[in-house]
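> Input coords-v4.txt, format and content: compact mmCIF, C-alpha atoms.
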# COMPACT_ATOMS: atom_id res chain seq x y z
CA MET P 25 -23.11 -0.85 18.20
CA ASN P 26 -21.28 -1.84 21.36
CA PHE P 27 -18.93 -4.81 21.35
CA ALA P 28 -17.39 -3.98 24.73
CA GLY P 29 -17.07 -7.17 26.74
CA ASP P 30 -18.71 -9.13 23.93
CA THR P 31 -16.07 -9.88 21.31
CA LYS P 32 -17.61 -11.11 18.07
CA SER P 33 -16.47 -12.12 14.63
CA VAL P 34 -18.01 -11.54 11.22
CA PRO P 35 -16.80 -14.72 9.46
CA GLY P 36 -16.71 -14.61 5.69
CA THR P 37 -16.53 -10.82 5.54
CA VAL P 38 -13.28 -8.94 4.99
CA VAL P 39 -13.05 -5.68 6.91
CA VAL P 40 -10.91 -3.25 4.91
CA VAL P 41 -9.19 -0.30 6.59
CA ALA P 42 -7.78 2.03 3.94
CA GLY P 43 -6.59 5.59 3.62
CA PRO P 44 -3.55 7.81 3.21
CA THR P 45 -0.21 7.47 4.93
CA ALA P 46 -0.03 8.67 8.56
CA ALA P 47 -3.81 8.98 8.95
CA GLY P 48 -4.06 6.32 11.69
CA LYS P 49 -5.03 3.11 9.89
CA SER P 50 -2.93 0.76 12.00
CA GLU P 51 -4.39 1.90 15.31
CA LEU P 52 -7.96 1.54 14.05
CA ALA P 53 -7.22 -1.87 12.55
CA LEU P 54 -5.91 -3.07 15.91
CA SER P 55 -9.07 -1.89 17.66
CA LEU P 56 -11.33 -3.53 15.08
CA ALA P 57 -9.40 -6.78 15.21
CA GLN P 58 -9.72 -6.86 18.99
CA GLU P 59 -13.47 -6.26 18.90
CA LEU P 60 -14.24 -8.53 15.95
CA ASP P 61 -12.03 -11.46 16.94
CA GLY P 62 -9.92 -10.66 13.94
CA GLU P 63 -6.47 -11.08 12.47
CA ILE P 64 -4.69 -8.42 10.47
CA ILE P 65 -3.47 -8.82 6.90
CA ASN P 66 -0.94 -6.27 5.68
CA ALA P 67 -1.76 -4.43 2.43
CA ASP P 68 1.16 -1.99 2.51
CA SER P 69 3.43 -2.97 -0.36
CA MET P 70 6.62 -1.84 1.39
CA GLN P 71 5.91 -3.59 4.69
CA LEU P 72 6.19 -6.84 2.77
CA TYR P 73 9.97 -6.38 2.78
CA ARG P 74 12.20 -7.75 5.52
CA GLY P 75 14.33 -5.15 7.27
CA MET P 76 12.27 -2.19 6.09
CA ASP P 77 10.80 -1.41 9.48
CA ILE P 78 11.43 2.17 10.57
CA GLY P 79 10.77 3.81 7.21
CA THR P 80 7.51 1.94 6.67
CA ALA P 81 6.23 2.53 10.24
CA LYS P 82 5.88 -1.23 10.67
CA LEU P 83 4.37 -2.07 14.06
CA THR P 84 6.72 -3.81 16.45
CA GLU P 85 5.73 -7.08 18.11
CA ASN P 86 4.87 -5.19 21.30
CA GLU P 87 2.66 -2.74 19.41
CA ARG P 88 0.59 -5.52 17.84
CA ARG P 89 -1.30 -6.25 21.10
CA GLY P 90 -0.93 -9.98 20.62
CA ILE P 91 -3.07 -9.87 17.47
CA PRO P 92 -1.78 -12.11 14.64
CA HIS P 93 -0.37 -10.09 11.73
CA HIS P 94 0.06 -11.68 8.32
CA LEU P 95 2.14 -10.85 5.23
CA LEU P 96 4.81 -8.79 6.93
CA ASP P 97 8.50 -9.42 6.19
CA ILE P 98 7.90 -11.99 3.46
CA TRP P 99 10.25 -10.73 0.73
CA ASN P 100 13.93 -9.86 0.54
CA VAL P 101 14.56 -6.26 -0.50
CA THR P 102 15.86 -7.43 -3.89
CA TYR P 103 12.51 -9.03 -4.75
CA THR P 104 10.56 -7.02 -7.33
CA ALA P 105 7.04 -6.28 -6.10
CA ASN P 106 4.54 -8.65 -7.66
CA VAL P 107 0.85 -7.96 -7.12
CA ALA P 108 -0.19 -11.33 -8.55
CA GLN P 109 2.02 -13.14 -6.04
CA TYR P 110 0.70 -10.96 -3.22
CA GLN P 111 -2.87 -11.67 -4.32
CA ALA P 112 -2.35 -15.41 -4.10
CA LEU P 113 -0.74 -15.18 -0.66
CA ALA P 114 -3.34 -12.77 0.69
CA ARG P 115 -6.35 -14.74 -0.54
CA ARG P 116 -4.91 -17.92 0.94
CA THR P 117 -4.55 -16.03 4.22
CA VAL P 118 -8.12 -14.69 4.07
CA ASP P 119 -9.45 -18.19 3.43
CA ASP P 120 -7.47 -19.59 6.36
CA ILE P 121 -8.66 -16.88 8.77
CA VAL P 122 -12.28 -17.32 7.70
CA ALA P 123 -12.02 -21.12 8.00
CA ARG P 124 -10.99 -20.68 11.62
CA GLY P 125 -14.03 -18.51 12.32
CA LYS P 126 -12.04 -15.29 12.61
CA THR P 127 -12.43 -11.93 10.88
CA PRO P 128 -9.84 -10.87 8.27
CA VAL P 129 -8.92 -7.19 8.74
CA LEU P 130 -7.10 -5.99 5.63
CA VAL P 131 -5.19 -2.76 6.28
CA GLY P 132 -2.95 -0.56 4.18
CA GLY P 133 -2.51 2.38 1.90
CA SER P 134 -1.71 0.48 -1.30
CA GLY P 135 -4.98 0.65 -3.20
CA LEU P 136 -4.01 -1.83 -5.89
CA TYR P 137 -3.00 -4.43 -3.31
CA ILE P 138 -6.29 -4.05 -1.46
CA GLN P 139 -8.31 -4.43 -4.64
CA ALA P 140 -6.24 -7.40 -5.73
CA VAL P 141 -7.46 -9.20 -2.61
CA VAL P 142 -11.14 -8.27 -2.37
CA ASP P 143 -12.07 -7.70 -6.02
CA VAL P 144 -12.04 -9.94 -9.06
CA MET P 145 -8.75 -9.24 -10.80
CA GLU P 146 -6.78 -11.39 -13.20
CA PHE P 147 -3.19 -10.69 -14.13
CA PRO P 148 -1.96 -11.24 -17.70
CA GLY P 149 1.15 -13.31 -18.24
CA THR P 150 4.54 -11.95 -19.19
CA ASP P 151 6.86 -12.24 -22.16
CA ALA P 152 10.57 -12.05 -21.33
CA ALA P 153 11.57 -10.85 -24.80
CA ILE P 154 8.98 -8.05 -24.92
CA ARG P 155 9.80 -7.02 -21.34
CA ALA P 156 13.57 -6.91 -22.08
CA ARG P 157 13.01 -4.80 -25.20
CA LEU P 158 10.79 -2.33 -23.38
CA GLU P 159 13.18 -2.04 -20.44
CA THR P 160 16.03 -1.31 -22.86
CA GLU P 161 13.93 1.37 -24.53
CA LEU P 162 13.08 2.80 -21.11
CA GLN P 163 16.79 3.23 -20.44
CA GLN P 164 17.33 4.78 -23.87
CA TYR P 165 14.38 7.16 -24.07
CA GLY P 166 13.24 7.72 -20.49
CA ALA P 167 9.96 7.26 -18.67
CA GLU P 168 8.18 10.30 -20.11
CA ALA P 169 8.79 9.25 -23.71
CA MET P 170 7.53 5.76 -22.93
CA HIS P 171 4.52 7.27 -21.21
CA SER P 172 3.73 9.22 -24.39
CA ARG P 173 3.85 5.95 -26.31
CA LEU P 174 1.46 4.39 -23.82
CA ARG P 175 -0.86 7.40 -24.15
CA ASN P 176 -1.05 6.78 -27.91
CA GLN P 177 -1.75 3.07 -27.47
CA ASP P 178 -4.01 3.13 -24.41
CA PRO P 179 -4.98 6.65 -23.21
CA ALA P 180 -6.93 5.41 -20.18
CA ALA P 181 -3.96 3.37 -19.00
CA ALA P 182 -1.67 6.37 -19.36
CA GLU P 183 -4.09 8.42 -17.29
CA ALA P 184 -3.87 5.87 -14.48
CA ILE P 185 -0.05 5.71 -14.39
CA LEU P 186 2.34 8.48 -13.41
CA PRO P 187 4.66 9.62 -16.26
CA THR P 188 7.65 9.02 -13.96
CA ASN P 189 6.78 5.43 -13.03
CA GLY P 190 8.92 3.61 -15.55
CA ARG P 191 8.30 0.15 -14.11
CA ARG P 192 4.51 0.41 -14.38
CA ILE P 193 4.72 2.03 -17.82
CA VAL P 194 6.81 -0.87 -19.10
CA ARG P 195 4.37 -3.38 -17.63
CA ALA P 196 1.40 -1.59 -19.20
CA LEU P 197 3.09 -1.54 -22.61
CA GLU P 198 3.93 -5.23 -22.22
CA VAL P 199 0.28 -6.06 -21.48
CA VAL P 200 -0.88 -3.96 -24.44
CA ALA P 201 1.54 -5.88 -26.66
CA LEU P 202 0.28 -9.21 -25.33
CA THR P 203 -3.46 -8.57 -25.11
CA GLY P 204 -4.23 -5.35 -26.93
CA SER P 205 -5.36 -3.43 -23.86
CA PHE P 206 -4.06 -2.65 -20.40
CA THR P 207 -7.17 -0.68 -19.43
CA ALA P 208 -9.41 -3.73 -19.77
CA ARG P 209 -7.35 -5.34 -17.02
CA LEU P 210 -7.40 -2.48 -14.58
CA PRO P 211 -9.04 -3.27 -11.21
CA SER P 212 -12.79 -3.86 -11.33
CA ARG P 213 -15.28 -3.42 -8.51
CA THR P 214 -16.64 -6.95 -8.79
CA ALA P 215 -16.28 -8.49 -5.34
CA ALA P 216 -14.24 -11.63 -4.81
CA TYR P 217 -15.17 -11.56 -1.11
CA PRO P 218 -17.95 -9.84 0.83
CA ALA P 219 -16.25 -6.81 2.34
CA VAL P 220 -16.85 -3.72 4.44
CA PHE P 221 -14.70 -0.75 3.45
CA ILE P 222 -13.68 1.85 6.02
CA GLY P 223 -11.52 4.81 5.05
CA VAL P 224 -9.70 6.99 7.56
CA ASP P 225 -8.35 10.43 6.78
CA ARG P 226 -7.67 13.77 8.45
CA GLN P 227 -7.79 17.42 7.54
CA THR P 228 -4.91 18.19 5.14
CA GLU P 229 -3.19 20.63 7.49
CA GLU P 230 -3.33 18.12 10.34
CA LEU P 231 -2.12 15.25 8.16
CA ASP P 232 0.74 17.36 6.78
CA ALA P 233 1.87 18.04 10.34
CA ARG P 234 1.65 14.34 11.25
CA ILE P 235 3.73 13.44 8.19
CA GLN P 236 6.47 15.84 9.27
CA VAL P 237 6.48 14.52 12.85
CA ARG P 238 6.50 10.94 11.58
CA ALA P 239 9.44 11.54 9.23
CA GLU P 240 11.44 13.32 11.90
CA ARG P 241 10.75 10.47 14.33
CA MET P 242 11.96 7.94 11.75
CA TRP P 243 15.25 9.79 11.52
CA GLN P 244 15.53 9.83 15.30
CA GLN P 245 14.79 6.11 15.47
CA GLY P 246 17.62 5.34 13.04
CA LEU P 247 16.29 5.27 9.48
CA VAL P 248 19.69 6.16 8.05
CA GLU P 249 21.30 3.30 9.96
CA GLU P 250 18.54 0.96 8.80
CA VAL P 251 19.25 1.82 5.16
CA VAL P 252 23.00 1.41 5.68
CA GLY P 253 22.32 -2.06 7.09
CA LEU P 254 20.20 -2.93 4.04
CA LEU P 255 22.97 -2.03 1.60
CA GLU P 256 24.59 -5.43 2.13
CA HIS P 257 21.25 -7.04 1.28
CA GLY P 258 21.12 -5.27 -2.09
CA ILE P 259 18.61 -2.47 -1.55
CA LYS P 260 20.56 0.01 -3.66
CA ASP P 261 19.95 -1.98 -6.85
CA ALA P 262 16.50 -3.26 -5.90
CA VAL P 263 13.83 -2.41 -8.48
CA THR P 264 11.03 -1.76 -5.98
CA ALA P 265 12.41 -1.40 -2.45
CA SER P 266 14.96 1.25 -3.42
CA LYS P 267 12.12 3.53 -4.57
CA ALA P 268 10.29 3.50 -1.23
CA LEU P 269 9.70 6.87 0.39
CA GLY P 270 12.44 7.67 2.85
CA TYR P 271 14.68 4.89 1.57
CA ARG P 272 15.22 6.54 -1.82
CA GLN P 273 16.06 9.84 -0.15
CA VAL P 274 18.48 8.25 2.32
CA LEU P 275 20.18 6.33 -0.50
CA ASP P 276 20.66 9.62 -2.35
CA PHE P 277 22.09 11.16 0.81
CA LEU P 278 24.52 8.25 1.20
CA ASP P 279 25.54 8.72 -2.44
CA GLY P 280 26.20 12.42 -1.85
CA VAL P 281 23.33 13.64 -4.04
CA HIS P 282 22.18 15.91 -1.19
CA ASP P 283 22.79 16.36 2.52
CA GLU P 284 20.89 14.64 5.30
CA GLN P 285 18.61 17.58 6.04
CA GLU P 286 17.60 17.71 2.39
CA ALA P 287 16.91 13.97 2.46
CA LEU P 288 14.51 14.53 5.36
CA ARG P 289 12.84 17.45 3.61
CA LYS P 290 12.40 15.46 0.40
CA THR P 291 10.92 12.57 2.35
CA ILE P 292 8.32 14.88 3.89
CA THR P 293 7.38 16.57 0.60
CA GLY P 294 7.39 13.24 -1.27
CA THR P 295 5.08 11.69 1.30
CA ARG P 296 2.67 14.60 1.03
CA ARG P 297 2.57 14.18 -2.75
CA PHE P 298 2.00 10.45 -2.31
CA VAL P 299 -0.95 11.18 -0.01
CA ARG P 300 -2.61 13.14 -2.81
CA ARG P 301 -2.29 10.10 -5.10
CA GLN P 302 -3.69 7.81 -2.40
CA ARG P 303 -6.66 10.10 -1.91
CA SER P 304 -7.27 10.16 -5.64
CA TRP P 305 -7.21 6.35 -5.85
CA PHE P 306 -9.43 5.69 -2.86
CA GLY P 307 -11.70 8.62 -3.69
CA ARG P 308 -12.90 6.78 -6.79
CA ASP P 309 -14.25 3.91 -4.72
CA ASP P 310 -17.77 4.70 -3.52
CA ARG P 311 -17.87 1.57 -1.34
CA ILE P 312 -15.66 3.26 1.23
CA THR P 313 -17.26 4.89 4.26
CA TRP P 314 -14.93 7.72 5.29
CA LEU P 315 -14.27 8.58 8.93
CA ASP P 316 -12.27 11.39 10.46
CA ALA P 317 -9.37 9.74 12.27
CA ALA P 318 -9.28 12.64 14.72
CA GLU P 319 -12.68 11.64 16.17
CA PRO P 320 -12.23 10.49 19.80
CA ASN P 321 -14.80 7.69 19.30
CA LEU P 322 -13.34 6.51 15.99
CA SER P 323 -13.37 2.82 16.94
CA SER P 324 -17.05 2.75 17.88
CA MET P 325 -17.93 4.70 14.73
CA ALA P 326 -16.06 2.13 12.64
CA LEU P 327 -17.82 -0.73 14.40
CA ASP P 328 -21.16 0.93 13.63
CA VAL P 329 -20.17 0.99 9.96
CA VAL P 330 -19.41 -2.73 10.05
CA GLU P 331 -22.77 -3.50 11.67
CA ASP P 332 -24.70 -1.27 9.27
CA ARG P 333 -23.07 -2.77 6.19
CA LEU P 334 -23.69 -6.30 7.38
CA ALA P 335 -27.31 -5.47 8.15
CA THR P 336 -27.92 -4.18 4.62
CA LYS P 337 -26.48 -7.40 3.15
CA LYS P 338 -28.88 -9.66 5.03
Let's see the structure in the file written out as structure tokens.

Amino acid sequence: MNFAGDTKSVPGTVVVVAGPTAAGKSELALSLAQELDGEIINADSMQLYRGMDIGTAKLTENERRGIPHHLLDIWNVTYTANVAQYQALARRTVDDIVARGKTPVLVGGSGLYIQAVVDVMEFPGTDAAIRARLETELQQYGAEAMHSRLRNQDPAAAEAILPTNGRRIVRALEVVALTGSFTARLPSRTAAYPAVFIGVDRQTEELDARIQVRAERMWQQGLVEEVVGLLEHGIKDAVTASKALGYRQVLDFLDGVHDEQEALRKTITGTRRFVRRQRSWFGRDDRITWLDAAEPNLSSMALDVVEDRLATKK
């Protein structure tokens, strides 16, 4: 497939670019958007926050090649991440892009956010009293004890949530209390939009090296200063933003928990662990066509995937 000099769009189809951190998703998404007359929709949960630029590797205006980018910088750092709210905003954006005859290019490493857009997914309501009780118990007993409780009530849900992720454990227990099952409301693979899924990854050794270089560059670009500037906006007490990779480690450094070099080291090792979780999530989705981001002709290979998938749907 060769789009050179013949820019086209695939209206009505969402092109998804997914994969682990530091693999090269943003660069590929830019190339695809250029070739497919597309606009980019962010599906990185931390790039939704204003002021979190360096630590999330958010593209600058100059790096965006004039391509419209949507759902960046929409929340204050004190806003607690809300997938249901993101879903509504993202689907409205997809519909608007499609209505204008453009191609939505959804890019990010947050698997749940991607699925919330392209797959059928309904979010149960909340109950303030149940949530308050569970959050109090989380403080009293800790995340691992609450995770054990979840395992007894909904083993499949416990399997899908890390024992250290107190916020998600509380939410799962709340849903179980409200509906009887959290697992029944986990993401499905029933499409809400026609979509083409492209995954980009690299050999583990190569990706590990890129993660280290990326973290070191963030420090050089002023990540510590960025976090200091966000303190006045409330990041230290933020439920979601304060847990972001790099930001959590810098906050600990500023609090004297460890020195700056240790904060950098923990950011690198934490990102590598996060990559393993991303690979596990995306690896379960057989709709994704995986490409090696190190391939010199990556863009043309990805365009071939788009064409092939569209051809099989006709």
> Name the residues in contact with Pro92 of chain P at a cut-off of 9 Å, using all atoms listed in the file, excluding same-chain residues fewer than 5 positions from it; report them as a VMD selection string.
chain P and resid 62 to 65
> Between P:Asp225, P:Glu286, P:Glu59, P:Asp332, which has the minimum distance to Thr127 of chain P (counting all atoms listed in the file)?
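Nearest candidate to Thr127 of chain P out of P:Asp225, P:Glu286, P:Glu59, P:Asp332: P:Glu59.
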> One decimal, in Å: what's the spacing between atom CA of Asp283 of chain P and atom CA of Trp243 of chain P?
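Taking atom CA of Asp283 of chain P and atom CA of Trp243 of chain P, their separation equals 13.5 Å.
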> Counting all atoms listed in the file, figure out which residue out of P:Val38, P:Arg234, P:Phe221, P:Asp276 gets nearest to Asp310 of chain P.
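Of P:Val38, P:Arg234, P:Phe221, P:Asp276, the one nearest Asp310 of chain P is P:Phe221, counting all atoms listed in the file.
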> Dump as CSV the rows for residues of segment 168-279 of chain P within 12 Å of segment 116-121 of chain P: closest atom pair and distance in Å with one decimal, all atoms listed in the file counted, ordered by chain and rising residue number.

residue,atom,partner,partner_atom,distance
P:Ala216,CA,P:Val118,CA,11.2
P:Tyr217,CA,P:Val118,CA,9.3
P:Pro218,CA,P:Val118,CA,11.4
P:Ala219,CA,P:Val118,CA,11.5
> Take the residues just selected and output them with C-alpha atoms as an mmCIF file, keeping the file's coordinate frame.

data_model
loop_
_atom_site.group_PDB
_atom_site.id
_atom_site.type_symbol
_atom_site.label_atom_id
_atom_site.label_comp_id
_atom_site.auth_asym_id
_atom_site.auth_seq_id
_atom_site.Cartn_x
_atom_site.Cartn_y
_atom_site.Cartn_z
ATOM 1 C CA ALA P 216 -14.240 -11.630 -4.810
ATOM 2 C CA TYR P 217 -15.170 -11.560 -1.110
ATOM 3 C CA PRO P 218 -17.950 -9.840 0.830
ATOM 4 C CA ALA P 219 -16.250 -6.810 2.340
#
> Can you work out which one of P:Ala335, P:Ala317, P:Ala180, P:Leu83 has the shortest atom-to-atom distance to Glu230 of chain P, counting all atoms listed in the file?
P:Ala317
> One number please: atom CA of Ile259 of chain P to atom CA of Ser69 of chain P, in Å, one decimal.
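Here the two named atoms are 15.2 Å from each other.
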> Hey, can you check how far atom CA of Asp97 of chain P sits from atom CA of Met76 of chain P?
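If I compute the distance from atom CA of Asp97 of chain P to atom CA of Met76 of chain P, I get 8.2 Å.
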> Ranking P:Ile78, P:Val330, P:Ala46, P:Leu315 by minimum distance to Glu249 of chain P and counting all atoms listed in the file, which one comes first?
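So, comparing all the options, the nearest one is P:Ile78.
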> Would you mind listing what lies within 10 Å of Lys260 of chain P as a list in words, with all atoms listed in the file counted and same-chain residues fewer than 4 positions away left out?
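Surrounding residues, per the criterion: Val101, Thr102, Val251, Val252, Leu254, Leu255, Glu256, Thr264, Ala265, Ser266, Lys267, Tyr271, Arg272, Leu275 and Asp276 of chain P.
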> Extending 5 Å beyond the listed atoms of segment 143-161 of chain P on each side, what axis-aligned box results? I want centre and edge lengths in Å to one decimal, as JSON.

{"center_x": 2.0, "center_y": -6.0, "center_z": -15.6, "size_x": 38.1, "size_y": 24.7, "size_z": 29.2}
> Which polymer residues, whether protein, DNA or RNA, lie within 6 Å of the coordinate (-5.9, -5.6, 8.5) when you count only C-alpha atoms? List them as a list in words, using the chain letters and numbers from the file.
Ala53, Ile64, Ile65, Asn66, Val129, Leu130 and Val131 of chain P
> Would you mind exporting C-alpha atoms of the selected residues as a compact mmCIF listing (two decimals), in the coordinates of the input?

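part.txt, written as the output of this step:
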# COMPACT_ATOMS: atom_id res chain seq x y z
CA ALA P 53 -7.22 -1.87 12.55
CA ILE P 64 -4.69 -8.42 10.47
CA ILE P 65 -3.47 -8.82 6.90
CA ASN P 66 -0.94 -6.27 5.68
CA VAL P 129 -8.92 -7.19 8.74
CA LEU P 130 -7.10 -5.99 5.63
CA VAL P 131 -5.19 -2.76 6.28
> Can you build me a table of segment 133-249 of chain P residues sitting at most 12 Å from segment 319-323 of chain P, with the closest atom pair per residue and its distance in Å to one decimal, using only C-alpha atoms, sorted by chain and residue number, as a tab-separated table?

residue	atom	partner	partner_atom	distance
P:Ile222	CA	P:Ser323	CA	11.0
P:Gly223	CA	P:Leu322	CA	11.2
P:Val224	CA	P:Leu322	CA	9.2
P:Asp225	CA	P:Glu319	CA	10.4
P:Arg226	CA	P:Glu319	CA	9.4
P:Gln227	CA	P:Glu319	CA	11.5
> Neighbouring residues of Thr291 of chain P were defined as those with any atom within 7 Å, considering all atoms listed in the file; residues of the same chain fewer than 3 positions away were excluded. Please report them as a PyMOL selection string.
chain P and resi 269-270+273+287-288+294-295
> Using only C-alpha atoms, which protein or nucleic acid residues come within 12 Å of segment 188-191 of chain P? Drop anything in the same chain fewer than 5 positions from it, and give the result as number ranges by chain.
P: 104-106, 155-156, 158-172, 174, 182, 196-198, 263-264, 267
> Let me make sure I understand: among P:Leu278, P:Ala233, P:Val41, P:Leu60, which one has the smallest atom-to-atom distance to Val248 of chain P if we use all atoms listed in the file?
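Looking at the shortest contact to Val248 of chain P, the residue is P:Leu278.
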> Taking into account all atoms listed in the file, which residue in the set P:Arg157, P:Val122, P:Tyr137, P:Gln285 is nearest to Met70 of chain P?
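Closest candidate: P:Tyr137.
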